file input07.cif (mmCIF, C-alpha atoms and all ligand atoms)
data_work
#
loop_
_atom_site.label_atom_id
_atom_site.label_comp_id
_atom_site.auth_asym_id
_atom_site.auth_seq_id
_atom_site.Cartn_x
_atom_site.Cartn_y
_atom_site.Cartn_z
CA MET A 1 0.00 0.00 0.00
CA ALA A 2 1.18 3.46 -0.80
CA GLN A 3 2.26 5.57 2.13
CA SER A 4 0.14 8.49 3.20
CA GLN A 5 1.59 11.82 2.04
CA ARG A 6 1.27 15.09 3.89
CA ILE A 7 -1.35 17.42 2.49
CA LYS A 8 -0.15 20.81 1.43
CA GLN A 9 -1.67 23.76 -0.33
CA LEU A 10 -0.26 24.16 -3.81
CA PRO A 11 1.70 27.27 -4.73
CA ARG A 12 -0.35 29.74 -6.71
CA GLN A 13 1.54 29.15 -9.94
CA VAL A 14 0.64 25.48 -9.83
CA TYR A 15 -3.02 25.90 -9.05
CA ASP A 16 -3.32 28.66 -11.63
CA LEU A 17 -1.90 26.28 -14.19
CA ILE A 18 -4.36 23.56 -13.19
CA ALA A 19 -7.33 25.92 -13.25
CA ALA A 20 -6.17 27.48 -16.51
CA GLY A 21 -6.21 24.07 -18.16
CA GLU A 22 -9.98 23.96 -17.82
CA VAL A 23 -10.63 27.42 -19.19
CA VAL A 24 -8.04 27.55 -21.95
CA THR A 25 -8.14 24.24 -23.73
CA SER A 26 -7.25 25.42 -27.23
CA PRO A 27 -6.45 28.51 -29.29
CA LEU A 28 -10.20 28.80 -29.78
CA SER A 29 -10.92 29.13 -26.09
CA ALA A 30 -8.30 31.86 -25.70
CA ALA A 31 -9.68 33.74 -28.70
CA LYS A 32 -13.23 33.31 -27.45
CA GLU A 33 -12.46 34.79 -24.05
CA LEU A 34 -10.73 37.80 -25.58
CA VAL A 35 -13.58 38.48 -27.97
CA GLU A 36 -16.13 38.12 -25.17
CA ASN A 37 -14.20 40.69 -23.14
CA ALA A 38 -14.28 43.07 -26.08
CA VAL A 39 -18.05 42.67 -26.40
CA ASP A 40 -18.48 43.22 -22.67
CA ALA A 41 -16.36 46.38 -22.95
CA GLY A 42 -18.98 47.84 -25.27
CA ALA A 43 -16.81 47.77 -28.37
CA SER A 44 -18.26 48.94 -31.66
CA ARG A 45 -15.45 47.27 -33.56
CA ILE A 46 -13.55 44.08 -32.83
CA TRP A 47 -10.62 43.05 -34.94
CA ALA A 48 -9.16 39.61 -34.52
CA GLU A 49 -6.00 38.33 -36.06
CA ILE A 50 -4.55 34.85 -35.89
CA GLU A 51 -1.41 33.21 -37.13
CA GLU A 52 -0.96 29.47 -37.53
CA GLY A 53 -4.50 28.80 -36.37
CA GLY A 54 -3.93 30.88 -33.23
CA ILE A 55 -1.12 28.65 -32.02
CA ALA A 56 1.54 31.19 -32.97
CA LEU A 57 -0.49 34.32 -32.33
CA ILE A 58 -3.93 35.59 -31.40
CA ARG A 59 -4.56 39.32 -31.32
CA VAL A 60 -7.89 40.89 -30.44
CA SER A 61 -8.30 44.61 -30.59
CA ASP A 62 -11.34 46.63 -29.59
CA ASP A 63 -12.48 50.22 -29.16
CA GLY A 64 -14.28 49.53 -25.88
CA THR A 65 -13.95 51.12 -22.45
CA GLY A 66 -10.33 50.17 -21.80
CA ILE A 67 -8.89 49.50 -18.33
CA GLU A 68 -7.61 52.08 -15.84
CA PRO A 69 -3.81 51.80 -15.31
CA LYS A 70 -4.21 51.00 -11.62
CA ASP A 71 -6.62 48.13 -12.40
CA LEU A 72 -4.43 46.57 -15.03
CA PRO A 73 -2.53 44.04 -12.88
CA LEU A 74 -5.81 43.12 -11.17
CA ALA A 75 -7.38 42.24 -14.51
CA PHE A 76 -4.90 39.37 -14.70
CA ALA A 77 -5.39 38.17 -11.13
CA PRO A 78 -7.43 35.00 -10.68
CA HIS A 79 -11.12 35.47 -9.80
CA ALA A 80 -10.91 39.18 -10.50
CA THR A 81 -13.81 40.71 -12.39
CA SER A 82 -15.62 44.00 -12.76
CA LYS A 83 -18.80 42.23 -13.88
CA ILE A 84 -20.35 40.74 -10.76
CA ASN A 85 -20.19 41.65 -7.10
CA ASP A 86 -21.86 38.90 -5.12
CA ALA A 87 -23.48 35.49 -5.31
CA ASP A 88 -26.88 37.01 -6.09
CA ASP A 89 -25.44 38.53 -9.25
CA LEU A 90 -24.87 35.01 -10.59
CA GLY A 91 -28.63 34.83 -11.07
CA ARG A 92 -28.77 37.90 -13.29
CA ILE A 93 -25.69 37.91 -15.48
CA ALA A 94 -25.95 40.39 -18.32
CA THR A 95 -22.36 40.15 -19.55
CA LEU A 96 -20.60 37.33 -21.38
CA GLY A 97 -17.86 37.14 -18.77
CA PHE A 98 -18.37 36.83 -15.03
CA ARG A 99 -15.90 34.23 -13.78
CA GLY A 100 -12.93 36.58 -13.67
CA GLU A 101 -10.69 33.74 -14.78
CA ALA A 102 -10.01 34.21 -18.45
CA LEU A 103 -7.14 36.67 -18.46
CA ALA A 104 -5.46 34.99 -15.51
CA SER A 105 -5.81 31.62 -17.21
CA ILE A 106 -4.52 32.75 -20.59
CA ALA A 107 -1.59 34.55 -18.97
CA ALA A 108 -0.80 31.39 -16.98
CA VAL A 109 -0.27 29.33 -20.14
CA ALA A 110 1.07 31.83 -22.68
CA GLU A 111 2.79 35.13 -23.19
CA VAL A 112 0.29 37.95 -23.14
CA GLU A 113 0.61 41.61 -23.90
CA MET A 114 -2.22 44.03 -23.25
CA VAL A 115 -2.24 47.66 -24.35
CA THR A 116 -5.21 49.59 -23.08
CA LYS A 117 -6.52 53.09 -22.64
CA THR A 118 -9.75 54.40 -21.15
CA ALA A 119 -11.73 57.28 -22.61
CA GLY A 120 -11.13 59.48 -19.59
CA SER A 121 -7.36 59.34 -19.56
CA GLU A 122 -5.22 62.15 -20.91
CA SER A 123 -4.11 61.83 -24.52
CA ALA A 124 -0.94 59.75 -24.30
CA ALA A 125 -1.66 57.78 -21.17
CA GLY A 126 -2.33 54.24 -22.14
CA SER A 127 -0.71 51.33 -20.38
CA ARG A 128 0.98 48.17 -21.43
CA ILE A 129 1.46 44.99 -19.46
CA GLN A 130 3.38 41.92 -20.46
CA ILE A 131 2.91 38.61 -18.65
CA ARG A 132 4.37 35.20 -19.34
CA GLY A 133 3.37 32.02 -17.54
CA GLY A 134 1.61 34.08 -14.87
CA GLU A 135 4.60 36.31 -14.20
CA ALA A 136 4.34 40.01 -14.94
CA LEU A 137 7.39 40.96 -16.97
CA LYS A 138 6.67 44.62 -17.46
CA ILE A 139 4.11 47.34 -16.85
CA GLU A 140 4.62 50.71 -18.44
CA LYS A 141 2.90 53.86 -19.63
CA ILE A 142 2.53 54.04 -23.35
CA GLY A 143 0.73 56.08 -25.98
CA ALA A 144 -2.32 54.21 -27.20
CA ASP A 145 -5.71 54.58 -28.83
CA MET A 146 -8.79 54.22 -26.73
CA GLY A 147 -9.71 50.60 -26.24
CA THR A 148 -7.78 47.44 -25.69
CA THR A 149 -5.50 45.21 -27.71
CA VAL A 150 -4.48 41.85 -26.34
CA THR A 151 -1.83 39.74 -28.03
CA VAL A 152 -1.35 36.11 -27.04
CA SER A 153 1.70 34.25 -28.23
CA ASP A 154 3.57 31.11 -27.32
CA LEU A 155 0.35 29.43 -26.21
CA PHE A 156 0.89 26.37 -23.96
CA PHE A 157 4.67 26.91 -23.87
CA ASN A 158 4.59 25.53 -20.32
CA ILE A 159 2.14 22.68 -21.00
CA PRO A 160 4.00 20.64 -23.61
CA ALA A 161 1.52 17.76 -23.44
CA ARG A 162 -1.32 20.05 -24.49
CA LEU A 163 0.73 21.75 -27.15
CA LYS A 164 1.55 18.38 -28.64
CA HIS A 165 -2.08 17.36 -28.77
CA LEU A 166 -3.36 20.41 -30.58
CA ASN A 167 -4.68 19.76 -34.05
CA ALA A 168 -2.94 21.11 -37.13
CA PRO A 169 -3.03 24.92 -37.40
CA ARG A 170 -5.56 24.68 -40.19
CA SER A 171 -8.12 22.88 -38.04
CA GLU A 172 -7.47 24.91 -34.88
CA GLY A 173 -7.85 28.01 -37.06
CA ALA A 174 -11.09 26.75 -38.58
CA LYS A 175 -12.63 26.58 -35.11
CA ILE A 176 -11.74 30.21 -34.47
CA VAL A 177 -13.10 31.25 -37.87
CA ASP A 178 -16.34 29.41 -37.08
CA TYR A 179 -16.64 31.11 -33.69
CA LEU A 180 -15.90 34.60 -35.02
CA SER A 181 -18.41 34.01 -37.82
CA ARG A 182 -21.09 33.23 -35.27
CA MET A 183 -20.20 36.26 -33.17
CA ALA A 184 -20.26 38.54 -36.21
CA ILE A 185 -23.83 37.56 -37.03
CA SER A 186 -24.96 37.57 -33.43
CA TYR A 187 -23.71 41.12 -32.92
CA PRO A 188 -24.52 42.89 -36.19
CA ASN A 189 -23.98 46.25 -34.46
CA ILE A 190 -20.32 45.45 -33.97
CA ALA A 191 -17.94 45.62 -36.92
CA PHE A 192 -15.96 42.39 -36.82
CA ARG A 193 -12.87 41.75 -38.87
CA LEU A 194 -10.95 38.51 -38.98
CA ILE A 195 -7.48 38.13 -40.40
CA SER A 196 -5.75 34.76 -40.65
CA ASN A 197 -2.09 34.58 -41.70
CA GLY A 198 -2.36 38.07 -43.14
CA THR A 199 -5.51 37.44 -45.20
CA VAL A 200 -8.77 39.18 -44.37
CA LEU A 201 -11.38 36.41 -44.12
CA PHE A 202 -14.31 38.70 -43.53
CA ALA A 203 -15.21 42.13 -42.33
CA THR A 204 -18.73 43.08 -41.31
CA ARG A 205 -19.98 46.63 -41.32
CA GLY A 206 -21.44 46.75 -37.86
CA ALA A 207 -24.41 48.71 -39.17
CA GLY A 208 -26.93 46.46 -37.43
CA ASP A 209 -28.24 44.47 -40.39
CA ARG A 210 -28.09 40.82 -39.44
CA LEU A 211 -28.90 39.41 -42.86
CA ALA A 212 -26.15 41.57 -44.36
CA ALA A 213 -23.73 40.17 -41.77
CA ILE A 214 -24.80 36.60 -42.58
CA THR A 215 -24.30 37.30 -46.27
CA THR A 216 -20.85 38.77 -45.66
CA VAL A 217 -19.70 35.92 -43.46
CA TYR A 218 -21.44 32.84 -44.85
CA GLY A 219 -21.85 34.00 -48.44
CA THR A 220 -24.79 34.66 -50.74
CA GLY A 221 -25.14 30.92 -51.36
CA VAL A 222 -26.34 30.41 -47.81
CA ALA A 223 -28.22 33.67 -47.44
CA ALA A 224 -30.33 32.90 -50.50
CA PHE A 225 -32.05 30.00 -48.73
CA LEU A 226 -32.97 31.85 -45.59
CA ILE A 227 -36.34 32.68 -44.12
CA GLY A 228 -36.76 35.12 -41.24
CA VAL A 229 -38.08 33.79 -37.93
CA THR A 230 -39.43 35.86 -35.14
CA GLY A 231 -41.60 35.13 -32.15
CA VAL A 232 -42.33 36.51 -28.72
CA ASP A 233 -44.09 34.93 -25.77
CA SER A 234 -44.39 37.45 -22.99
CA ASP A 235 -45.92 34.93 -20.58
CA LEU A 236 -42.84 32.74 -20.92
CA GLY A 237 -40.54 35.76 -21.07
CA MET A 238 -38.98 34.41 -24.26
CA SER A 239 -38.30 35.78 -27.67
CA LEU A 240 -36.69 34.25 -30.71
CA GLU A 241 -35.40 35.86 -33.83
CA GLY A 242 -33.09 34.86 -36.59
CA TYR A 243 -32.95 33.14 -39.95
CA ILE A 244 -33.52 29.55 -40.93
CA ALA A 245 -33.12 27.63 -44.15
CA GLY A 246 -36.18 26.83 -46.16
CA PRO A 247 -36.68 23.21 -47.23
CA ASN A 248 -34.20 23.72 -50.07
CA GLY A 249 -31.33 24.75 -47.85
CA LEU A 250 -30.65 21.48 -46.07
CA ARG A 251 -27.35 19.75 -45.55
CA LYS A 252 -26.00 16.53 -44.12
CA SER A 253 -24.68 17.76 -40.80
CA ARG A 254 -25.63 20.06 -37.99
CA LYS A 255 -22.63 22.26 -38.63
CA GLY A 256 -24.68 25.10 -40.03
CA GLN A 257 -26.73 25.47 -36.85
CA VAL A 258 -25.94 28.49 -34.78
CA LEU A 259 -27.61 29.13 -31.43
CA PHE A 260 -27.21 32.12 -29.17
CA VAL A 261 -29.02 32.33 -25.87
CA ASN A 262 -28.96 35.79 -24.36
CA GLY A 263 -26.05 36.76 -26.58
CA ARG A 264 -24.03 33.69 -25.70
CA SER A 265 -22.97 31.11 -28.28
CA VAL A 266 -23.98 27.73 -26.89
CA LYS A 267 -24.80 24.17 -27.74
CA ASN A 268 -28.04 22.84 -26.32
CA PRO A 269 -29.55 19.41 -26.97
CA ALA A 270 -33.11 20.55 -26.16
CA ILE A 271 -32.94 23.19 -28.88
CA ASP A 272 -31.31 20.79 -31.37
CA ALA A 273 -34.21 18.42 -30.80
CA ALA A 274 -36.71 21.25 -31.14
CA ILE A 275 -35.25 22.20 -34.54
CA ASP A 276 -35.50 18.57 -35.68
CA ARG A 277 -39.13 18.36 -34.60
CA ALA A 278 -40.00 21.64 -36.32
CA TYR A 279 -38.51 20.43 -39.61
CA LYS A 280 -39.97 16.96 -39.40
CA GLU A 281 -42.47 17.47 -42.21
CA PHE A 282 -40.11 19.72 -44.18
CA ALA A 283 -36.90 17.71 -44.24
CA GLU A 284 -35.92 14.14 -45.00
CA PRO A 285 -34.37 12.28 -42.08
CA GLY A 286 -30.63 12.93 -41.81
CA ARG A 287 -30.89 16.38 -43.40
CA PHE A 288 -30.30 19.48 -41.32
CA PRO A 289 -31.20 23.08 -42.03
CA PHE A 290 -29.00 26.08 -41.52
CA THR A 291 -30.42 27.82 -38.50
CA PHE A 292 -29.21 31.09 -37.08
CA LEU A 293 -31.23 31.44 -33.91
CA PHE A 294 -31.05 34.17 -31.29
CA LEU A 295 -33.09 33.27 -28.27
CA LYS A 296 -33.68 35.61 -25.37
CA VAL A 297 -34.97 34.38 -22.05
CA ASN A 298 -35.26 35.91 -18.65
CA PRO A 299 -31.73 35.71 -17.14
CA ALA A 300 -33.23 34.09 -14.05
CA ASP A 301 -34.52 31.22 -16.21
CA VAL A 302 -31.12 30.14 -17.44
CA ASP A 303 -28.01 29.04 -15.60
CA VAL A 304 -24.92 30.20 -17.47
CA ASN A 305 -22.50 28.94 -14.86
CA VAL A 306 -22.50 25.26 -15.83
CA HIS A 307 -19.37 25.06 -17.94
CA PRO A 308 -15.85 26.46 -17.35
CA ALA A 309 -15.60 27.61 -20.95
CA LYS A 310 -19.24 28.81 -20.89
CA ASN A 311 -20.14 26.75 -23.97
CA GLU A 312 -23.28 25.39 -22.42
CA ILE A 313 -26.19 26.73 -20.45
CA ALA A 314 -28.95 25.04 -18.51
CA PHE A 315 -32.53 26.18 -18.97
CA ALA A 316 -34.68 26.17 -15.87
CA ASP A 317 -37.28 24.51 -18.10
CA ALA A 318 -35.63 23.05 -21.18
CA ALA A 319 -38.83 21.44 -22.45
CA MET A 320 -40.61 24.79 -22.42
CA ALA A 321 -37.75 26.53 -24.25
CA GLY A 322 -37.75 23.70 -26.79
CA GLU A 323 -41.49 23.95 -27.40
CA PHE A 324 -41.27 27.70 -27.90
CA VAL A 325 -38.47 27.34 -30.44
CA GLU A 326 -40.22 24.49 -32.25
CA LYS A 327 -43.50 26.41 -32.50
CA THR A 328 -41.82 29.59 -33.73
CA ILE A 329 -39.77 27.81 -36.39
CA ARG A 330 -42.70 25.75 -37.60
CA ALA A 331 -44.83 28.88 -37.95
CA ALA A 332 -42.14 30.46 -40.13
CA LEU A 333 -41.87 27.34 -42.31
CA VAL A 334 -45.62 27.04 -42.71
CA SER A 335 -46.09 30.67 -43.68
CA GLU A 336 -43.18 30.46 -46.10
CA ARG A 337 -44.82 27.45 -47.74
CA SER A 338 -48.08 29.34 -48.17
CA VAL A 339 -46.49 32.17 -50.16
CA PRO A 340 -44.14 30.36 -52.55
CA THR A 341 -43.97 33.20 -55.06
CA LEU A 342 -42.47 35.55 -52.51
CA SER A 343 -39.87 32.99 -51.55
CA LEU A 344 -36.23 33.86 -51.28
CA ARG A 345 -35.43 30.26 -52.03
CA GLY A 346 -34.91 30.54 -55.74
CA ARG A 347 -32.49 33.44 -55.53
CA GLY A 348 -28.87 32.56 -56.05
CA ARG A 349 -29.53 28.87 -55.74
CA ARG A 350 -26.63 26.73 -56.72
CA ARG A 351 -27.16 23.80 -58.99
CA ALA A 352 -24.96 21.59 -56.85
CA GLY A 353 -27.31 21.99 -53.89
CA ALA A 354 -27.00 23.50 -50.48
CA ASP A 355 -24.31 21.22 -49.18
CA ASP A 356 -21.49 22.81 -51.02
CA THR A 357 -22.60 26.36 -50.47
CA PHE A 358 -21.54 26.43 -46.85
CA ARG A 359 -18.09 27.78 -47.28
CA LEU A 360 -16.33 30.81 -46.05
CA GLN A 361 -15.00 32.70 -48.98
CA PRO A 362 -11.74 34.28 -47.93
CA ASP A 363 -11.19 36.03 -51.22
CA ALA A 364 -14.67 37.06 -52.17
CA ASN A 365 -15.97 38.57 -48.97
CA PRO A 366 -13.71 41.48 -48.09
CA GLN A 367 -14.84 43.21 -51.27
CA THR A 368 -18.43 43.07 -50.17
CA ALA A 369 -17.58 44.82 -46.92
CA PRO A 370 -14.89 47.30 -47.82
CA SER A 371 -15.67 49.90 -45.19
CA ALA A 372 -14.13 48.01 -42.30
CA VAL A 373 -11.11 46.63 -44.12
P1 LIG B 401 -14.36 38.36 -16.71
O1 LIG B 401 -14.56 38.69 -18.15
O2 LIG B 401 -15.02 37.08 -16.32
O3 LIG B 401 -14.69 39.48 -15.80
P2 LIG B 401 -11.55 38.29 -17.42
O4 LIG B 401 -10.40 37.60 -16.80
O5 LIG B 401 -11.90 37.90 -18.81
O6 LIG B 401 -12.79 38.06 -16.47
O7 LIG B 401 -11.29 39.85 -17.37
C1 LIG B 401 -11.05 40.47 -16.11
C2 LIG B 401 -11.49 41.92 -16.15
O8 LIG B 401 -10.64 42.67 -16.99
C3 LIG B 401 -12.89 42.14 -16.68
O9 LIG B 401 -13.87 41.98 -15.68
C4 LIG B 401 -12.81 43.56 -17.23
O10 LIG B 401 -13.04 44.49 -16.18
C5 LIG B 401 -11.37 43.70 -17.65
N1 LIG B 401 -11.18 43.51 -19.11
C6 LIG B 401 -10.75 42.39 -19.74
N2 LIG B 401 -10.69 42.57 -21.07
C7 LIG B 401 -11.11 43.83 -21.32
C8 LIG B 401 -11.28 44.63 -22.51
N3 LIG B 401 -11.03 44.14 -23.74
N4 LIG B 401 -11.72 45.91 -22.35
C9 LIG B 401 -11.99 46.41 -21.12
N5 LIG B 401 -11.85 45.71 -19.97
C10 LIG B 401 -11.41 44.44 -20.05
MG MG B 402 -13.82 37.60 -19.69
#
call {"tool": "encode", "arguments": {"input": "input07.cif", "output": "structure tokens"}}
result
Amino acid sequence: MAQSQRIKQLPRQVYDLIAAGEVVTSPLSAAKELVENAVDAGASRIWAEIEEGGIALIRVSDDGTGIEPKDLPLAFAPHATSKINDADDLGRIATLGFRGEALASIAAVAEVEMVTKTAGSESAAGSRIQIRGGEALKIEKIGADMGTTVTVSDLFFNIPARLKHLNAPRSEGAKIVDYLSRMAISYPNIAFRLISNGTVLFATRGAGDRLAAITTVYGTGVAAFLIGVTGVDSDLGMSLEGYIAGPNGLRKSRKGQVLFVNGRSVKNPAIDAAIDRAYKEFAEPGRFPFTFLFLKVNPADVDVNVHPAKNEIAFADAAMAGEFVEKTIRAALVSERSVPTLSLRGRGRRRAGADDTFRLQPDANPQTAPSAV
């Protein structure tokens, strides 16, 4: 039998590394946290740049509130947040972040530089902090534009096992592209730009037109199949809006299904099942529609604190949310069917069918959104 070992509390660097492993599992999770922070900072533009699928570099720049110089080191401390104050606040989270762990976690497993300036500060007084593996290397005053730019490099330099198990840059990068695409259409008021290895993949205008954002990001081939959905149930405190594919825009996987609940990109089996039920009479088995759904529920009716990377939520009543979504989608499909001549379906349809239209078009799209490039 093994001998009993004394129990000791781990040094902070070790427990930070352990905790960070749950929050930052991939280049995607680092990028996601940075983009969420930019949204929470009230940015009207968010520019993201990656190199080698984010493994070599992730840079996210925003024009949001910025951070006061005296708060800057605190932003990187574990469990430090400006977004909630007490346990009660967990029941009414209105921001994407709330755990106060992201920056600390990313800085624990990478080299991070943040340059930030608040609106109130005098003209040249931005600040810059550089942290590597949880250790602050430098804090200095620096001239900067209002907002925040975070650059993450050397990701997982101190967790070789994780570094080794990352996928190829192309597939790690594809996950970030997919996430940024979803964010760009969820927040049409924010101008998103994504650059990968020096190439602009897309740039949205941020003028508030969701269908225009979908067209820019996913291409006219996808947009041509879409039908608008909208529904409100004030008794349930739920509303749904978005776009779904008509019966001609189906494909063989669920990959084209985007769900946001209260502004948060999530996966939810109850909603997946609701979509399937709604399409039952409109789609052959094994065929899935594109769905871009933006569901709003009362914050008290959803638990967002069920996943360290915040990729899941738990509805207080999942069956009820599912029924609402199913009913709203079915109503849109039925009314679309009853006015075939007004259909968008025919426009821009590709002969090869919907399956090969789901493609990001790195070369074509920047021209359709020149203002932000
Ligand atoms: P959380 O987002 O859960 O609060 P983070 O570790 O992601 O935790 O960020 C810590 C804090 O740093 C935030 O609460 C916020 O006050 C500040 N912060 C982080 N990123 C930005 C940004 N891009 N602009 C302004 N403030 C930021
Ligand atoms: Mg955050």
call {"tool": "atom_distance", "arguments": {"input": "input07.cif", "atom1": "atom P1 of ligand LIG 401 (chain B)", "atom2": "atom CA of Val39 of chain A"}}
result
11.2 Å
call {"tool": "residues_around", "arguments": {"input": "input07.cif", "residues": "segment 286-296 of chain A", "least_positions_apart": "2", "cutoff": "7 Å", "atoms": "all atoms listed in the file", "output": "MDAnalysis selection string"}}
result
chainID A and resid 238:245 249:254 256:262 283:284 298
call {"tool": "atom_distance", "arguments": {"input": "input07.cif", "atom1": "atom CA of Arg170 of chain A", "atom2": "atom CA of Leu28 of chain A"}}
result
12.1 Å
call {"tool": "residues_near_ligand", "arguments": {"input": "input07.cif", "ligand": "ligand MG 402 (chain B)", "cutoff": "6 Å", "atoms": "all atoms listed in the file", "output": "number ranges by chain"}}
result
A: 33, 36-37, 97, 102
call {"tool": "residues_near_ligand", "arguments": {"input": "input07.cif", "ligand": "ligand LIG 401 (chain B)", "cutoff": "8 Å", "atoms": "only C-alpha atoms and all ligand atoms", "output": "NGL selection string"}}
result
:A and (33-41 or 61-62 or 64-67 or 72 or 74-84 or 96-105 or 116 or 147-150)
call {"tool": "residues_around", "arguments": {"input": "input07.cif", "residues": "Leu155 of chain A", "least_positions_apart": "3", "cutoff": "7 Å", "atoms": "all atoms listed in the file", "output": "list in words"}}
result
Ile55, Val109, Ala110, Glu111 and Val152 of chain A
call {"tool": "closest_residue", "arguments": {"input": "input07.cif", "among": "A:Arg337, A:Lys310, A:Arg132, A:Arg264", "to": "Glu281 of chain A", "atoms": "only C-alpha atoms"}}
result
A:Arg337
call {"tool": "closest_residue", "arguments": {"input": "input07.cif", "among": "A:Lys164, A:Lys255, A:Arg128, A:Arg205", "to": "Ser44 of chain A", "atoms": "all atoms listed in the file"}}
result
A:Arg205
call {"tool": "closest_residue", "arguments": {"input": "input07.cif", "among": "A:Pro269, A:Thr204, A:Glu336, A:Asn167", "to": "Ser181 of chain A", "atoms": "only C-alpha atoms"}}
result
A:Thr204
call {"tool": "atom_distance", "arguments": {"input": "input07.cif", "atom1": "atom CA of Val217 of chain A", "atom2": "atom CA of Phe202 of chain A"}}
result
6.1 Å
call {"tool": "residues_around", "arguments": {"input": "input07.cif", "residues": "Lys138 of chain A", "least_positions_apart": "2", "cutoff": "6 Å", "atoms": "only C-alpha atoms", "output": "list in words"}}
result
Ile129, Gln130 and Ala136 of chain A
